[in-house]
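Okay, so here's the structure we're looking at.
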Amino acid sequence: MSVLLSVSIAMLAGLLMTRVLKPFKFPAVTAYLIAGVLIGPYCLGALHLDGVGFTSAEAVSKLSLISEVALGFIAFSIGNEFRLEDLKKTGHQAAVIGVVQALVAALLVDVVLVLLHFIIPDKLSLAQAITLGAIATATAPAATLMVVRQYKAKGKLTDLLLPIVALDDAVGLVVFAVSFGIARTLSSGGADLVSILVNPLVEIAASLALGAILGWVLTQLEKLFNSNTNRLNMSIAFVFLTASLSMLEFELGPVKLGFSSLLVCMMLGTVFCNCCVLSHDLMEKTDKWTSPLFALFFVISGAELELSVFTDAVIVGIGVVYILFRSLGKYFGAYISAKWTKCDDNICKYLGITLLPQAGVALGMCLTAKQLGAEGDLIRNIILFSVLVYELVGPLMTRMALTKAGDIQPMSEAVKNRRSHKLAEAEAKKNQ
């Protein structure tokens, strides 16, 4: 009963908050996050009244399965952006920009935080600075995808953005693994080449292979059904299956074989959309089915944000530096590489802004950073602070950038009049 009550409260709070913030033209994803913060354990949940909000972090964690499933569907949808006919046009640009913007963000944050380490060595260690620089590579695909869907964004910037966000995760995993291996060496004094180089490469290769195999199997099974409803059910079941299999872990001697849920589900969607002739229709139907799931995911994400990080001046100070220079790295990294690959001026100007949101992948890296002990706790709190800022501000800036680039078109007068006419007709029938 408590879980079902929490789910219903989260859904209702998120939907009502979209109405509250509608006059301010905030994206729905921002409204969901704010609703989550308000009903979370640091606001209404602190009252400890059943039916009002999440009374503790443990209550929020009970819904973690929903977040895992939602991330699987988000990655599956992003995989749909890797259609071969589209990649022939933008594949080279997406690959170059995806790598460059991630590396520039990591390098800029590394340089600044290492300098800050020499200024306040008792507050920020060299290992922490290097690890935070690596986490700066990560971009949140969920927030970006939600904004694109809500406003039905279409155009050259959107076509390039989603593949870059997907590629960003693979680049981030490699950069983080190498940087964290160095950080752990600095912290403990022991070098481990396997964890620095082998494990991340094995994880990426295994994730892509597993996703490709499952994508091919899904395509073959879809042929057994003539009904679109059954095909949709099969697609949904496979995303559930893929998300669960990606949680498996194995050890082969010194090598740890794990999977990235985002990469596995993304590859599932990529193979499926390129091999199944009906993938366009099925993807559209899947997107409609997952709308409430995504809304719930963001409300839960908002409830998970720990507002207590604002009470520590050191965390706030380092967090502000991290946010500022990561943002500069993302923007100028995207701008330079977009110019280099001869993208349109609007893409050069606004692409970097759309890459600012940060959430799930970065928090996942923080879990690994816990291996540094007390140093890992500081890293986690700094990232929590930055995620809170990025998730609330990032979607709004993404909407503004896509609008400036012309990918989001204002609702035409004809559409407005048509909607008003339909409402008037419905009201007239009701009064008859």
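Each chain in the structure tokens gets a letter, A, B and so on, in the order shown; residues start at 1 in every chain, and ligands are counted from 1 in the order they appear.
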
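Every residue of region 140-347 of chain A with a DSSP assignment of strand (DSSP E or B), taken from the backbone, is listed as A:Phe250, A:Glu251, A:Leu252, A:Val255, A:Lys256, A:Leu257.
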
Closest pair table for region 366-403 of chain A residues within 10 Å of region 15-27 of chain A, only C-alpha atoms, as a tab-separated table:
residue	atom	partner	partner_atom	distance
A:Leu392	CA	A:Phe26	CA	9.7
A:Val393	CA	A:Phe26	CA	9.6
A:Gly394	CA	A:Pro27	CA	9.9
A:Pro395	CA	A:Pro27	CA	6.5
A:Leu396	CA	A:Pro27	CA	6.0
A:Met397	CA	A:Pro27	CA	9.5
A:Thr398	CA	A:Pro27	CA	9.2
A:Arg399	CA	A:Pro27	CA	7.2
A:Met400	CA	A:Pro27	CA	9.9

Expected file: the selected residues, C-alpha atoms, as an mmCIF file, in the first residue's frame:
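Below is the file that was written, again.cif:
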data_model
loop_
_atom_site.group_PDB
_atom_site.id
_atom_site.type_symbol
_atom_site.label_atom_id
_atom_site.label_comp_id
_atom_site.auth_asym_id
_atom_site.auth_seq_id
_atom_site.Cartn_x
_atom_site.Cartn_y
_atom_site.Cartn_z
ATOM 1 C CA LEU A 392 16.526 22.538 -12.399
ATOM 2 C CA VAL A 393 18.174 25.019 -14.765
ATOM 3 C CA GLY A 394 19.435 22.735 -17.572
ATOM 4 C CA PRO A 395 16.059 21.765 -19.128
ATOM 5 C CA LEU A 396 14.986 25.423 -19.237
ATOM 6 C CA MET A 397 18.212 26.396 -20.998
ATOM 7 C CA THR A 398 17.826 23.456 -23.402
ATOM 8 C CA ARG A 399 14.357 24.683 -24.347
ATOM 9 C CA MET A 400 15.637 28.221 -24.848
#

Nearby residues (only C-alpha atoms) at most 7 Å from Lys330 (chain A), same-chain spacing under 2 positions excluded, as an MDAnalysis selection string: chainID A and resid 101:102 104:105 326:328 332:334 352 355:356

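With CA of Cys43 (chain A) on one side and CA of Arg149 (chain A) on the other, the separation reads 29.7 Å.
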
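Interatomic distance, CA of Val99 (chain A) against CA of Val165 (chain A): 10.3 Å.
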
Residues flagged alpha helix (DSSP H) by DSSP in region 123-292 of chain A, as number ranges by chain: A: 126-135, 141-150, 156-188, 193, 199-222, 228-245, 261-275, 279-289, 291-292

Store the residues of this selection in a file with C-alpha atoms, as a CSV table (one decimal), in the first residue's frame.
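To be explicit, this is the file written out as result-v3.csv:
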chain,number,residue,atom,x,y,z
A,126,LEU,CA,44.4,15.8,-6.0
A,127,ALA,CA,42.6,12.5,-6.3
A,128,GLN,CA,39.2,14.3,-5.7
A,129,ALA,CA,40.1,17.0,-8.3
A,130,ILE,CA,40.9,14.4,-11.0
A,131,THR,CA,37.8,12.4,-10.3
A,132,LEU,CA,35.5,15.4,-10.4
A,133,GLY,CA,37.1,16.4,-13.8
A,134,ALA,CA,36.2,12.9,-15.2
A,135,ILE,CA,32.6,13.1,-13.9
A,141,PRO,CA,20.1,12.1,-21.7
A,142,ALA,CA,16.8,11.9,-19.9
A,143,ALA,CA,16.3,15.6,-19.4
A,144,THR,CA,17.3,16.4,-23.0
A,145,LEU,CA,15.0,13.8,-24.5
A,146,MET,CA,12.0,15.0,-22.4
A,147,VAL,CA,12.4,18.5,-23.6
A,148,VAL,CA,12.7,17.4,-27.2
A,149,ARG,CA,9.6,15.3,-26.9
A,150,GLN,CA,7.5,17.9,-25.0
A,156,LYS,CA,19.4,20.2,-37.6
A,157,LEU,CA,20.4,20.9,-33.9
A,158,THR,CA,18.0,18.2,-32.6
A,159,ASP,CA,19.2,15.7,-35.2
A,160,LEU,CA,22.8,16.2,-34.0
A,161,LEU,CA,22.1,16.6,-30.3
A,162,LEU,CA,20.6,13.2,-29.4
A,163,PRO,CA,23.4,11.1,-31.0
A,164,ILE,CA,26.0,13.3,-29.2
A,165,VAL,CA,24.3,12.8,-25.8
A,166,ALA,CA,24.3,9.0,-26.4
A,167,LEU,CA,28.0,9.0,-27.5
A,168,ASP,CA,28.8,11.2,-24.5
A,169,ASP,CA,28.1,8.3,-22.1
A,170,ALA,CA,30.6,6.0,-23.8
A,171,VAL,CA,33.3,8.7,-23.8
A,172,GLY,CA,32.5,9.5,-20.2
A,173,LEU,CA,32.9,5.9,-19.0
A,174,VAL,CA,36.4,5.6,-20.6
A,175,VAL,CA,37.6,9.0,-19.2
A,176,PHE,CA,36.2,8.3,-15.8
A,177,ALA,CA,37.7,4.8,-15.6
A,178,VAL,CA,41.2,6.1,-16.6
A,179,SER,CA,41.0,9.2,-14.3
A,180,PHE,CA,39.6,7.3,-11.4
A,181,GLY,CA,42.3,4.7,-11.7
A,182,ILE,CA,44.9,7.4,-11.5
A,183,ALA,CA,43.1,9.0,-8.5
A,184,ARG,CA,43.0,5.7,-6.7
A,185,THR,CA,46.7,5.3,-7.3
A,186,LEU,CA,47.4,8.7,-5.8
A,187,SER,CA,45.1,8.0,-2.9
A,188,SER,CA,46.4,4.5,-2.1
A,193,LEU,CA,46.5,-1.2,-15.1
A,199,ASN,CA,37.8,-3.0,-17.3
A,200,PRO,CA,36.2,0.1,-19.0
A,201,LEU,CA,37.0,-1.1,-22.5
A,202,VAL,CA,35.6,-4.6,-21.6
A,203,GLU,CA,32.4,-2.9,-20.2
A,204,ILE,CA,31.8,-0.9,-23.3
A,205,ALA,CA,32.5,-3.8,-25.7
A,206,ALA,CA,30.3,-6.2,-23.6
A,207,SER,CA,27.5,-3.7,-23.3
A,208,LEU,CA,27.4,-3.0,-27.1
A,209,ALA,CA,27.6,-6.7,-27.9
A,210,LEU,CA,24.8,-7.7,-25.5
A,211,GLY,CA,22.6,-4.9,-26.8
A,212,ALA,CA,23.2,-5.9,-30.4
A,213,ILE,CA,22.4,-9.6,-29.8
A,214,LEU,CA,19.2,-8.7,-27.9
A,215,GLY,CA,18.3,-6.2,-30.7
A,216,TRP,CA,18.6,-8.9,-33.3
A,217,VAL,CA,16.6,-11.3,-31.3
A,218,LEU,CA,13.8,-8.7,-30.8
A,219,THR,CA,13.7,-8.1,-34.5
A,220,GLN,CA,13.3,-11.8,-35.3
A,221,LEU,CA,10.6,-12.3,-32.6
A,222,GLU,CA,8.6,-9.2,-33.9
A,228,ASN,CA,0.8,-3.9,-33.7
A,229,THR,CA,-0.4,-4.3,-30.1
A,230,ASN,CA,1.5,-7.6,-29.7
A,231,ARG,CA,4.6,-6.1,-31.3
A,232,LEU,CA,4.4,-3.2,-28.9
A,233,ASN,CA,4.1,-5.5,-26.0
A,234,MET,CA,7.1,-7.5,-27.3
A,235,SER,CA,9.2,-4.3,-27.5
A,236,ILE,CA,8.3,-3.2,-24.0
A,237,ALA,CA,9.0,-6.7,-22.6
A,238,PHE,CA,12.5,-6.7,-24.3
A,239,VAL,CA,13.4,-3.3,-22.8
A,240,PHE,CA,12.5,-4.8,-19.3
A,241,LEU,CA,14.6,-7.9,-20.1
A,242,THR,CA,17.5,-5.8,-21.4
A,243,ALA,CA,17.5,-3.5,-18.4
A,244,SER,CA,17.5,-6.5,-16.0
A,245,LEU,CA,20.3,-8.4,-17.9
A,261,SER,CA,22.5,-0.2,-18.7
A,262,LEU,CA,22.4,2.9,-20.9
A,263,LEU,CA,24.7,1.5,-23.5
A,264,VAL,CA,23.0,-1.9,-23.6
A,265,CYS,CA,19.5,-0.4,-24.0
A,266,MET,CA,20.8,2.2,-26.5
A,267,MET,CA,22.3,-0.6,-28.7
A,268,LEU,CA,19.1,-2.5,-28.4
A,269,GLY,CA,17.2,0.4,-29.9
A,270,THR,CA,19.9,1.1,-32.5
A,271,VAL,CA,19.9,-2.5,-33.9
A,272,PHE,CA,16.1,-2.7,-33.7
A,273,CYS,CA,15.4,0.6,-35.6
A,274,ASN,CA,17.8,-0.4,-38.4
A,275,CYS,CA,16.7,-4.0,-38.8
A,279,SER,CA,10.4,0.3,-36.1
A,280,HIS,CA,9.1,3.9,-36.8
A,281,ASP,CA,5.6,3.1,-35.8
A,282,LEU,CA,6.5,0.9,-32.8
A,283,MET,CA,8.9,3.6,-31.5
A,284,GLU,CA,6.2,6.2,-31.7
A,285,LYS,CA,3.8,3.9,-29.8
A,286,THR,CA,6.4,3.1,-27.2
A,287,ASP,CA,7.1,6.8,-26.6
A,288,LYS,CA,3.4,7.4,-25.8
A,289,TRP,CA,3.3,4.4,-23.4
A,291,SER,CA,5.2,9.2,-20.9
A,292,PRO,CA,3.8,8.6,-17.4
